[in-house]
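*Asks:* Here it is, the structure in full.
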Amino acid sequence: MNLSVRVAKTPEEWQQGLRGTPGLEENEGMFFLFPREGIITFTTKGVSFPIDIILINRIGRVVDIFEDA
C-alpha cells in the first residue's frame, strides 16, 4: 500500500494543518513532526471531515489513537 502524506514540521504548518482542505483520499494524511515529546493538543476547527489522530512516540511506537476526531 502506498500513502501520500503531507508533513507539517513548523509552527505555521502545525497551525494550518488540514484547515481549508476539502477532504482526503483513503490513503492520504498529514504527519506532524514535533521537536520533542509532550502534551499536544489538536483542534479540528476549519476541518469539514472526520479525521483519525494517531500519536507515535520518538521510537515509532503508537501510544494513542483517536478515531473520527
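In the C-alpha cells, the first chain shown is A, the next is B, and so on; residue numbers restart at 1 for each chain, and ligands run from 1 in the order shown.
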Give me the residues near Trp14 of chain A as a PyMOL selection string, where near means some atom within 9 Å (using only C-alpha atoms) and where sequence neighbours in that chain fewer than 6 positions away do not count.
*Replies:* chain A and resi 8+32-34
*Asks:* Kindly save the residues from that selection, with all heavy atoms included, as a short mmCIF file (atom, residue, chain, number, x, y, z; two decimals), in the first residue's frame.
*Replies:*
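And here's again_29.cif as it stands now:
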data_model
loop_
_atom_site.label_atom_id
_atom_site.label_comp_id
_atom_site.auth_asym_id
_atom_site.auth_seq_id
_atom_site.Cartn_x
_atom_site.Cartn_y
_atom_site.Cartn_z
N ALA A 8 3.98 18.33 8.31
CA ALA A 8 3.94 19.63 8.96
C ALA A 8 5.04 19.64 10.01
O ALA A 8 5.00 18.87 10.96
CB ALA A 8 2.57 19.87 9.60
N PHE A 32 2.50 15.23 11.59
CA PHE A 32 3.02 16.38 12.33
C PHE A 32 4.29 15.97 13.06
O PHE A 32 4.27 15.06 13.89
CB PHE A 32 1.99 16.87 13.36
CG PHE A 32 0.77 17.50 12.75
CD1 PHE A 32 -0.25 16.73 12.23
CD2 PHE A 32 0.66 18.87 12.68
CE1 PHE A 32 -1.37 17.31 11.67
CE2 PHE A 32 -0.45 19.48 12.12
CZ PHE A 32 -1.46 18.68 11.61
N LEU A 33 5.39 16.61 12.74
CA LEU A 33 6.67 16.34 13.40
C LEU A 33 6.93 17.42 14.45
O LEU A 33 7.06 18.60 14.11
CB LEU A 33 7.81 16.36 12.39
CG LEU A 33 7.91 15.21 11.42
CD1 LEU A 33 9.04 15.46 10.42
CD2 LEU A 33 8.15 13.91 12.15
N PHE A 34 7.00 17.01 15.70
CA PHE A 34 7.28 17.94 16.79
C PHE A 34 8.69 17.68 17.31
O PHE A 34 9.15 16.53 17.33
CB PHE A 34 6.25 17.80 17.90
CG PHE A 34 4.85 18.15 17.47
CD1 PHE A 34 3.90 17.17 17.28
CD2 PHE A 34 4.50 19.47 17.23
CE1 PHE A 34 2.61 17.48 16.87
CE2 PHE A 34 3.22 19.80 16.83
CZ PHE A 34 2.28 18.80 16.64
#
*Asks:* Using only C-alpha atoms, which residues sit within 10 Å of segment 39-43 of chain A once same-chain residues fewer than 6 positions away are excluded, as a list of chain:residue names?
*Replies:*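 In the requested form, the answer reads A:Trp14, A:Gln15, A:Gly17, A:Arg19, A:Ile53, A:Leu55, A:Ala69.
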*Asks:* Can you write just those residues out, all heavy atoms, as an mmCIF file, in the first residue's frame?
*Replies:*
data_model
loop_
_atom_site.group_PDB
_atom_site.id
_atom_site.type_symbol
_atom_site.label_atom_id
_atom_site.label_comp_id
_atom_site.auth_asym_id
_atom_site.auth_seq_id
_atom_site.Cartn_x
_atom_site.Cartn_y
_atom_site.Cartn_z
ATOM 1 N N TRP A 14 1.917 23.507 11.530
ATOM 2 C CA TRP A 14 1.105 22.854 12.567
ATOM 3 C C TRP A 14 -0.212 23.589 12.727
ATOM 4 O O TRP A 14 -1.262 22.969 12.871
ATOM 5 C CB TRP A 14 1.831 22.830 13.911
ATOM 6 C CG TRP A 14 3.159 22.156 13.920
ATOM 7 C CD1 TRP A 14 3.588 21.149 13.099
ATOM 8 C CD2 TRP A 14 4.252 22.457 14.787
ATOM 9 N NE1 TRP A 14 4.878 20.800 13.413
ATOM 10 C CE2 TRP A 14 5.312 21.586 14.445
ATOM 11 C CE3 TRP A 14 4.441 23.363 15.812
ATOM 12 C CZ2 TRP A 14 6.540 21.599 15.107
ATOM 13 C CZ3 TRP A 14 5.659 23.380 16.465
ATOM 14 C CH2 TRP A 14 6.693 22.503 16.109
ATOM 15 N N GLN A 15 -0.152 24.909 12.736
ATOM 16 C CA GLN A 15 -1.366 25.705 12.938
ATOM 17 C C GLN A 15 -2.322 25.557 11.756
ATOM 18 O O GLN A 15 -3.522 25.459 11.942
ATOM 19 C CB GLN A 15 -1.013 27.172 13.138
ATOM 20 C CG GLN A 15 -2.200 28.022 13.508
ATOM 21 C CD GLN A 15 -1.801 29.454 13.829
ATOM 22 O OE1 GLN A 15 -0.716 29.904 13.521
ATOM 23 N NE2 GLN A 15 -2.702 30.160 14.465
ATOM 24 N N GLY A 17 -2.441 22.982 9.511
ATOM 25 C CA GLY A 17 -2.927 21.605 9.473
ATOM 26 C C GLY A 17 -3.718 21.306 8.211
ATOM 27 O O GLY A 17 -3.291 21.621 7.110
ATOM 28 N N ARG A 19 -6.767 22.538 7.742
ATOM 29 C CA ARG A 19 -7.766 23.596 7.589
ATOM 30 C C ARG A 19 -7.876 24.007 6.129
ATOM 31 O O ARG A 19 -6.875 24.236 5.464
ATOM 32 C CB ARG A 19 -7.380 24.816 8.427
ATOM 33 C CG ARG A 19 -8.497 25.254 9.317
ATOM 34 C CD ARG A 19 -8.098 26.451 10.130
ATOM 35 N NE ARG A 19 -7.481 25.957 11.362
ATOM 36 C CZ ARG A 19 -6.524 26.580 11.996
ATOM 37 N NH1 ARG A 19 -6.039 27.696 11.558
ATOM 38 N NH2 ARG A 19 -6.046 26.070 13.101
ATOM 39 N N ILE A 53 -6.613 10.541 14.511
ATOM 40 C CA ILE A 53 -5.339 11.055 15.010
ATOM 41 C C ILE A 53 -4.601 9.890 15.653
ATOM 42 O O ILE A 53 -5.139 9.222 16.549
ATOM 43 C CB ILE A 53 -5.549 12.203 16.018
ATOM 44 C CG1 ILE A 53 -6.263 13.368 15.334
ATOM 45 C CG2 ILE A 53 -4.214 12.645 16.620
ATOM 46 C CD1 ILE A 53 -6.687 14.479 16.292
ATOM 47 N N LEU A 55 -1.077 9.007 17.598
ATOM 48 C CA LEU A 55 0.102 9.562 18.260
ATOM 49 C C LEU A 55 1.199 8.507 18.299
ATOM 50 O O LEU A 55 0.979 7.385 18.756
ATOM 51 C CB LEU A 55 -0.249 10.018 19.677
ATOM 52 C CG LEU A 55 -1.370 11.056 19.783
ATOM 53 C CD1 LEU A 55 -1.644 11.378 21.249
ATOM 54 C CD2 LEU A 55 -1.047 12.308 19.011
ATOM 55 N N ALA A 69 -12.100 12.112 14.912
ATOM 56 C CA ALA A 69 -11.998 13.332 15.729
ATOM 57 C C ALA A 69 -12.632 14.505 15.001
ATOM 58 O O ALA A 69 -12.686 14.555 13.803
ATOM 59 C CB ALA A 69 -10.535 13.628 16.023
#
*Asks:* Would you pick out the contacts of segment 1-3 of chain A at 12 Å or less, using only C-alpha atoms, so that residues sharing its chain but fewer than 2 positions from it are not included, and give the list as a list in words?
*Replies:* Val5, Arg6, Leu24, Glu25, Glu26, Asn27, Glu28, Gly29, Met30 and Phe31 of chain A
*Asks:* Could you pull out all residues of chain A with a DSSP call of strand (DSSP E) and give them as a count of residues only?
*Replies:* 19
*Asks:* Take atom CA of Lys45 of chain A and atom CA of Phe66 of chain A and report the distance between them in Å, one decimal.
*Replies:* 15.9 Å
*Asks:* So that I can check the secondary structure, give me every residue of chain A assigned helix (DSSP H, G or I) by backbone DSSP, as an NGL selection string.
*Replies:* :A and (11-16)
*Asks:* Given the selection you just returned, output its residues as a file containing C-alpha atoms, formatted as an mmCIF file, in the first residue's frame.
*Replies:*
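The new file out09.cif reads:
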data_model
loop_
_atom_site.group_PDB
_atom_site.id
_atom_site.type_symbol
_atom_site.label_atom_id
_atom_site.label_comp_id
_atom_site.auth_asym_id
_atom_site.auth_seq_id
_atom_site.Cartn_x
_atom_site.Cartn_y
_atom_site.Cartn_z
ATOM 1 C CA PRO A 11 4.678 26.094 13.901
ATOM 2 C CA GLU A 12 2.947 27.679 10.898
ATOM 3 C CA GLU A 13 2.353 24.308 9.264
ATOM 4 C CA TRP A 14 1.105 22.854 12.567
ATOM 5 C CA GLN A 15 -1.366 25.705 12.938
ATOM 6 C CA GLN A 16 -2.632 25.395 9.351
#
